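For reference, the structure discussed in these notes is given below.
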Amino acid sequence: MFKKLCLFLPLIFMGCNSDKHPALETVDKVDIEKYKGTWYEIARFDHRFEEGCKNVTATYELRDDGKIKVINRCTDIKSNKQKEATGVAYTVDDTNSKLKVSFFRPFYGDYWIIDLDKEYKYALVGSPDRKYLWILSRSKTIDEKTKAMILAELPALQFDKDKFVWTIQE
């Protein structure tokens, strides 16, 4: 039970920025209507709350109060049991590219959309301290050209591509 509750605990610490990194640029504008829905995790920087997970998804739904409902799901590789955590997010400016996300209110972490396909087919999401990074896609896989393009931009953003864990999607 405790492990399930801790599934997304580190998100509360994502807001801590480190002075050793330059400012992290985000995309100019995100249309929340286009962004909502289900995204499949292609890769992530390893962290405790998704340890041992496959079939990872994040679903975003607009709430009546203007905030965003976040539902993260994954399947434990060993037990094949599904885990789920529900949180809330809100945008911090008019670009909608910087969000605050919480699974344990009142603690919120940074969710910054660094790269986004013009057709909303993939997204690169991270934290300004460079501890968290995800490649998300509308499908369970991405093509090699897109993967290579995303990986090529990481050094300039000061993310270490070797830290990626490539998600099993069945």
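We label chains A, B, ... in the order they appear in the structure tokens, count residues from 1 in each chain, and number ligands from 1 in the order shown.
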Within 10 Å of segment 123-126 of chain A, counting only C-alpha atoms, which residues qualify if same-chain residues fewer than 5 places away don't, as a short mmCIF file (atom, residue, chain, number, x, y, z; two decimals) with N, CA and C atoms, in the first residue's frame?
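Written out: around-v7.cif:
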data_model
loop_
_atom_site.label_atom_id
_atom_site.label_comp_id
_atom_site.auth_asym_id
_atom_site.auth_seq_id
_atom_site.Cartn_x
_atom_site.Cartn_y
_atom_site.Cartn_z
N MET A 14 9.95 18.27 -7.63
CA MET A 14 10.39 18.70 -8.95
C MET A 14 10.53 20.22 -9.05
N LEU A 24 15.69 26.75 -18.37
CA LEU A 24 15.18 25.77 -19.30
C LEU A 24 14.07 26.40 -20.14
N THR A 26 10.95 26.51 -22.67
CA THR A 26 9.77 25.69 -22.96
C THR A 26 9.21 26.11 -24.32
N VAL A 27 8.23 25.36 -24.78
CA VAL A 27 7.59 25.72 -26.05
C VAL A 27 6.85 27.04 -25.88
N TYR A 35 -3.76 19.11 -26.04
CA TYR A 35 -2.84 18.33 -25.20
C TYR A 35 -3.57 17.28 -24.36
N TRP A 39 -1.47 10.01 -23.15
CA TRP A 39 -0.12 9.97 -23.69
C TRP A 39 0.55 8.70 -23.18
N GLU A 41 4.07 6.77 -22.32
CA GLU A 41 5.46 7.06 -21.98
C GLU A 41 6.37 6.21 -22.85
N ILE A 42 7.25 6.87 -23.58
CA ILE A 42 8.24 6.19 -24.42
C ILE A 42 9.52 5.95 -23.62
N ALA A 43 9.93 6.97 -22.86
CA ALA A 43 11.13 6.87 -22.03
C ALA A 43 11.02 7.85 -20.88
N ARG A 44 11.82 7.58 -19.84
CA ARG A 44 11.82 8.45 -18.66
C ARG A 44 13.19 8.38 -18.00
N PHE A 45 13.50 9.40 -17.23
CA PHE A 45 14.62 9.30 -16.31
C PHE A 45 14.10 8.46 -15.15
N SER A 97 2.78 26.22 -21.11
CA SER A 97 3.90 25.29 -21.26
C SER A 97 4.55 24.95 -19.92
N LYS A 98 4.25 25.70 -18.89
CA LYS A 98 4.77 25.43 -17.55
C LYS A 98 3.59 25.13 -16.65
N ASP A 110 7.20 20.95 -10.78
CA ASP A 110 7.22 21.51 -12.12
C ASP A 110 7.05 20.44 -13.19
N TYR A 111 6.24 20.76 -14.19
CA TYR A 111 5.99 19.92 -15.36
C TYR A 111 6.11 20.88 -16.54
N TRP A 112 7.28 20.91 -17.16
CA TRP A 112 7.55 21.86 -18.23
C TRP A 112 7.58 21.16 -19.57
N ILE A 113 6.81 21.67 -20.51
CA ILE A 113 6.76 21.10 -21.85
C ILE A 113 7.86 21.77 -22.67
N ILE A 114 8.91 21.01 -22.92
CA ILE A 114 10.13 21.51 -23.54
C ILE A 114 10.06 21.44 -25.06
N ASP A 115 9.43 20.40 -25.56
CA ASP A 115 9.28 20.22 -27.01
C ASP A 115 7.92 19.58 -27.24
N LEU A 116 7.29 19.99 -28.32
CA LEU A 116 5.95 19.49 -28.61
C LEU A 116 5.76 19.48 -30.13
N ASP A 117 5.42 18.33 -30.66
CA ASP A 117 5.14 18.20 -32.08
C ASP A 117 3.98 19.12 -32.45
N LYS A 118 4.07 19.76 -33.62
CA LYS A 118 3.03 20.70 -34.02
C LYS A 118 1.66 20.04 -34.13
N LYS A 131 16.37 16.77 -13.28
CA LYS A 131 16.26 15.47 -12.62
C LYS A 131 15.19 14.59 -13.25
N TYR A 132 14.23 15.19 -13.91
CA TYR A 132 13.11 14.44 -14.48
C TYR A 132 12.98 14.78 -15.96
N LEU A 133 12.71 13.75 -16.74
CA LEU A 133 12.51 13.94 -18.17
C LEU A 133 11.69 12.77 -18.71
N TRP A 134 10.75 13.09 -19.57
CA TRP A 134 9.91 12.07 -20.19
C TRP A 134 9.80 12.36 -21.68
N ILE A 135 9.77 11.30 -22.46
CA ILE A 135 9.33 11.38 -23.85
C ILE A 135 7.95 10.74 -23.86
N LEU A 136 6.96 11.50 -24.32
CA LEU A 136 5.58 11.03 -24.37
C LEU A 136 5.12 11.01 -25.82
N SER A 137 4.20 10.11 -26.11
CA SER A 137 3.68 9.98 -27.47
C SER A 137 2.20 9.62 -27.43
N ARG A 138 1.51 9.96 -28.48
CA ARG A 138 0.10 9.58 -28.60
C ARG A 138 -0.05 8.12 -28.96
N ILE A 150 14.84 13.89 -31.04
CA ILE A 150 14.68 14.25 -29.63
C ILE A 150 15.99 14.06 -28.88
N LEU A 154 18.99 16.93 -26.60
CA LEU A 154 19.19 16.85 -25.15
C LEU A 154 20.49 17.45 -24.64
N PHE A 159 20.46 17.78 -20.56
CA PHE A 159 19.91 16.51 -20.08
C PHE A 159 20.81 15.40 -20.60
#
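Backbone DSSP over segment 17-115 of chain A gives alpha helix (DSSP H) for Ile32, Glu33, Lys34 and Tyr35 of chain A.
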With C-alpha atoms retained, export the selected residues as a tab-separated table (two decimals), in the first residue's frame.
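The new file result.tsv reads:
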chain	number	residue	atom	x	y	z
A	32	ILE	CA	-4.59	22.49	-23.57
A	33	GLU	CA	-7.56	21.25	-25.61
A	34	LYS	CA	-5.14	19.51	-28.00
A	35	TYR	CA	-2.84	18.33	-25.20
(message) as a ChimeraX atom specification, please: every residue in segment 37-98 of chain A that a backbone DSSP assignment puts in strand (DSSP E or B).
(response) /A:37-45,53-62,68-76,82-91,98
For the residues in the current selection, export C-alpha atoms as a compact mmCIF listing (two decimals), in the first residue's frame.
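To be explicit, this is the file written out as selection29.txt:
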# COMPACT_ATOMS: atom_id res chain seq x y z
CA GLY A 37 -6.16 12.94 -23.56
CA THR A 38 -3.87 9.95 -23.12
CA TRP A 39 -0.12 9.97 -23.69
CA TYR A 40 2.10 6.88 -23.69
CA GLU A 41 5.46 7.06 -21.98
CA ILE A 42 8.24 6.19 -24.42
CA ALA A 43 11.13 6.87 -22.03
CA ARG A 44 11.82 8.45 -18.66
CA PHE A 45 14.62 9.30 -16.31
CA CYS A 53 6.65 -0.24 -14.39
CA LYS A 54 5.61 -1.00 -17.95
CA ASN A 55 2.65 0.23 -20.03
CA VAL A 56 2.94 3.69 -18.49
CA THR A 57 0.35 6.29 -19.50
CA ALA A 58 -0.68 9.77 -18.43
CA THR A 59 -4.18 11.02 -19.12
CA TYR A 60 -5.12 14.69 -18.86
CA GLU A 61 -8.72 15.89 -18.50
CA LEU A 62 -10.01 19.43 -18.10
CA ILE A 68 -6.37 19.66 -15.16
CA LYS A 69 -7.04 16.20 -13.77
CA VAL A 70 -3.98 13.97 -14.17
CA ILE A 71 -4.31 10.18 -14.11
CA ASN A 72 -1.05 8.23 -14.25
CA ARG A 73 -1.21 4.48 -14.78
CA CYS A 74 1.33 1.73 -15.09
CA THR A 75 1.59 -2.04 -14.77
CA ASP A 76 4.04 -3.58 -12.33
CA GLN A 82 -2.01 -1.99 -12.46
CA LYS A 83 -1.08 1.04 -10.38
CA GLU A 84 -2.88 4.36 -10.62
CA ALA A 85 -2.38 7.80 -9.15
CA THR A 86 -4.68 10.78 -9.64
CA GLY A 87 -3.48 14.34 -9.30
CA VAL A 88 -4.23 17.88 -10.33
CA ALA A 89 -2.32 20.39 -12.44
CA TYR A 90 -2.61 24.03 -13.35
CA THR A 91 -0.79 26.27 -15.80
CA LYS A 98 4.77 25.43 -17.55
(message) Restricting the calculation to only C-alpha atoms: of A:Val101, A:Ala23, A:Val92, A:Ile77, which residue gets closest to Gln158 of chain A?
(response) A:Ala23
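For the set A:Glu25, A:Asp93, A:Asp31, A:Asp46, the residue with the smallest atom-to-atom gap to Lys161 of chain A is A:Asp46, counting only C-alpha atoms.
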(request) Tell me, in Å to one decimal, how far atom CA of Leu151 of chain A is from atom CA of Glu50 of chain A. (result) 21.2 Å
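Of the residues under consideration (A:Leu99, A:Ser139, A:Arg105, A:Ala152), A:Ser139 shows the shortest atom-to-atom contact distance to Tyr120 of chain A when counting only C-alpha atoms.
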(message) Just to confirm, what's the straight-line distance from atom CA of Thr167 of chain A to atom CA of Glu144 of chain A in Å (one decimal)?
(response)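 Between these atoms lies a distance of 15.0 Å.
In this comparison, which uses only C-alpha atoms, the residue of A:Asp162, A:Lys36, A:Lys78, A:Phe104 approaching Lys121 of chain A most closely is A:Lys36.
Taking atom CA of Arg48 of chain A as the reference point, atom CA of Glu170 of chain A is found at 21.5 Å.
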